[in-house]
Amino acid sequence: MNEDSIKGNLNILATGAVGRLLWQYSVPTVVGLLVMSLYNVVDRIFIGRGVGAEAISGLAITFPVMNLTTALGVLVGAGATARISIFLGQKDYSRASLVLGNALVLLLINATIYITLFGIFIDPILKAFGASEVTLPYARDFILWMLPGLLMTNLAFGFNNIMRASGYPRRAMLTMILGALINLALAPLFIFTFGMGIKGAAIASDIAMTCSMIFVMAHFIRRDVTLHFSRGTYRLKWEIVIGIISIGAAPALVNAASCFINVIINKSLLNYGGDTAIGAAGIFVTYTSLIVMVIIGICQGMQAIVGYNYGAGHLDRLKRTFWLATGVTTGICAVGSIVGLCFPALIAKAFTSDKYLVDVTIDCLKHTLLAFSVVGFQIVSTNFFQSIGSVGKSIFLSLTRQVIFLIPLLLVLPGKLGLTGVWLSFPGSDLLATLVTAAMIYYEFRRINSRK
């Protein structure tokens with residue numbers, strides 16, 4: 001490994017202007033994730049327009065499965081990325097290389113397990129997640145064809161984050177743009193031209209993610225990059241595995257919690273609004289995912305800077321990066337909230353021409369987005385604790401919004417307010433989680449200040 005090359009790529013994290021660095025590391029990530037998110041949106045528009053409202057509801061039923069498989073990928077990918085950032089900041093290049101090799105093996109093991117289990121038990125799993133006799137065929141068709149692509153997705157995204165953390169943000173952006181463009185080209189071909197419906201959308205995604213995976217893996221095979229695959233790094237080492245999982249547990253729990261929260265939400269929606277309400281929630285999730293992807297992109301750019309400077313002991317730069325990321329993400333969430341509250345009909349009609357689904361979606365957006373502007377701060381804070389290795393705090397914050405507050409609200413409010421109670425559970429949990437987050441950040445910065 002060429003140490004001079006490593007220093008050339010990474011020293012800027014300790015010396016460059018924080019604002020410029022956050023821009024340099026976040027913008028490529030945001031562009032890549034936004035393009036990826038846009039192709040998901042376009043996919044769902046194609047499905048809604050080309051297959052029907054029932055297909056949109058069936059697709060929404062698969063969200064818990066997707067979240068659970070993503071959680072297993074994030075457990076390794078995010079944990080490895082944070083560890084590599086810290087080790088590179090400490091100039092410990094051999095351990096960073098060990099993390100890279102162990103991460104590959106862990107992702108392959110995880111994928112083998114979940115593809116096998118979901119392939120065998122898919123029908124009972126989808127029924128437990130809220131599928132009805134109407135939506136089950138659509139959900140089954142999509143997820144069975146999507147399973148192989150989920151392995152490719154986890155490999156592409158996990159190593160894409162490591163690519164960024166090791167000094168290649170623009171190349172990381174290209175990884176995601178490549179997959180998105182291929183999917184955008186293939187999805188209408190498979191859905192409409194070949195008449196494959198929702199199954200065609202899954203096949204197009206599989207091919208696109210395979211291309212992204214090949215691109216990102218080709219980067220780590222090269223010998224002239226900061227970090228690359230090398231012999232002797234694939235044998236799992238207990239301390240490396242624990243280090244990866246301990247940090248990756250927080251974002252993984254967010255995705256796993258989303259899985260089980262979606263189950264509770266789908267059950268509540270089925271009881272109080274039927275399959276149409278599930279479809280409306282699917283449109284809400286799709287719209288907000290566009291905004292959240294931007295936030296996650298900024299957080300991933302922040303993570304490289306925070307992790308490196310924390311490892312190097314540059315605490316003032318760490319704090320400046322956090323507050324800058326917080327200000328930007330809060331503004332973005334506020335804009336997303338205002339647009340959704342002011343133009344809910346335009347958003348709904350982009351996905352479906354079904355009048356009843358449009359009406360239910362309008363009602364959904366008018367309630368669920370009331371406190372969405374505070375979400376950016378909460379996500380940035382969770383990622384901040386993850387970036388500095390504060391595992392327990394990151395896990396706790398990950399659970400506040402989606403588990404500790406949202407589940408009780410979902411169990412109480414619908415019984416009193418019906419479907420409106422389901423919708424209002426979202427802004428309620430957003431506000432309560434933000435209060436807890438603010439207190440934890442205050443005390444964390446007091447601790448950091450005492451170290452000077």
# chains A, B, ... in the order shown; residues from 1 in each chain; ligands from 1
call {"tool": "closest_atom_pairs", "arguments": {"of": "range 201-284 of chain A", "to": "range 150-167 of chain A", "cutoff": "9 Å", "atoms": "only C-alpha atoms", "output": "CSV"}}
result
residue,atom,partner,partner_atom,distance
A:Asp206,CA,A:Met152,CA,7.5
A:Met209,CA,A:Met152,CA,5.5
A:Thr210,CA,A:Met152,CA,5.4
A:Cys211,CA,A:Met152,CA,8.6
A:Ser212,CA,A:Ala156,CA,5.9
A:Met213,CA,A:Ala156,CA,4.3
A:Ile214,CA,A:Ala156,CA,7.9
A:Phe215,CA,A:Ala156,CA,8.3
A:Val216,CA,A:Ala156,CA,6.2
A:Met217,CA,A:Phe159,CA,7.5
A:His219,CA,A:Met163,CA,8.1
A:Phe220,CA,A:Met163,CA,8.1
A:Val225,CA,A:Ser166,CA,8.8
A:Thr226,CA,A:Ser166,CA,6.3
A:Leu227,CA,A:Ser166,CA,6.7
call {"tool": "residues_around", "arguments": {"residues": "range 27-29 of chain A", "least_positions_apart": "5", "cutoff": "9 Å", "atoms": "only C-alpha atoms", "output": "list in words"}}
result
Leu22, Leu34, Asn161, Arg164, Pro169, Arg170, Arg171, Ala172, Met173, Leu174, Met176, Val294, Ile296, Gly297, Ile298, Gln300 and Gly301 of chain A
call {"tool": "residues_around", "arguments": {"residues": "Lys366 in chain A", "least_positions_apart": "2", "cutoff": "12 Å", "atoms": "only C-alpha atoms", "output": "list in words"}}
result
Ala280, Phe284, Ser337, Ile338, Val339, Gly340, Leu341, Cys342, Phe343, Pro344, Ala345, Ile347, Ala348, Asp359, Val360, Thr361, Ile362, Asp363, Cys364, Thr368, Leu369, Leu370, Ala371, Phe372, Thr420, Trp423, Leu424, Phe426 and Pro427 of chain A
call {"tool": "residues_around", "arguments": {"residues": "Ile332 in chain A", "least_positions_apart": "5", "cutoff": "9 Å", "atoms": "only C-alpha atoms", "output": "ChimeraX atom specification"}}
result
/A:291,294-295,327,337,373,376
call {"tool": "atom_distance", "arguments": {"atom1": "CA of Leu117 in chain A", "atom2": "CA of Pro251 in chain A"}}
result
22.4 Å
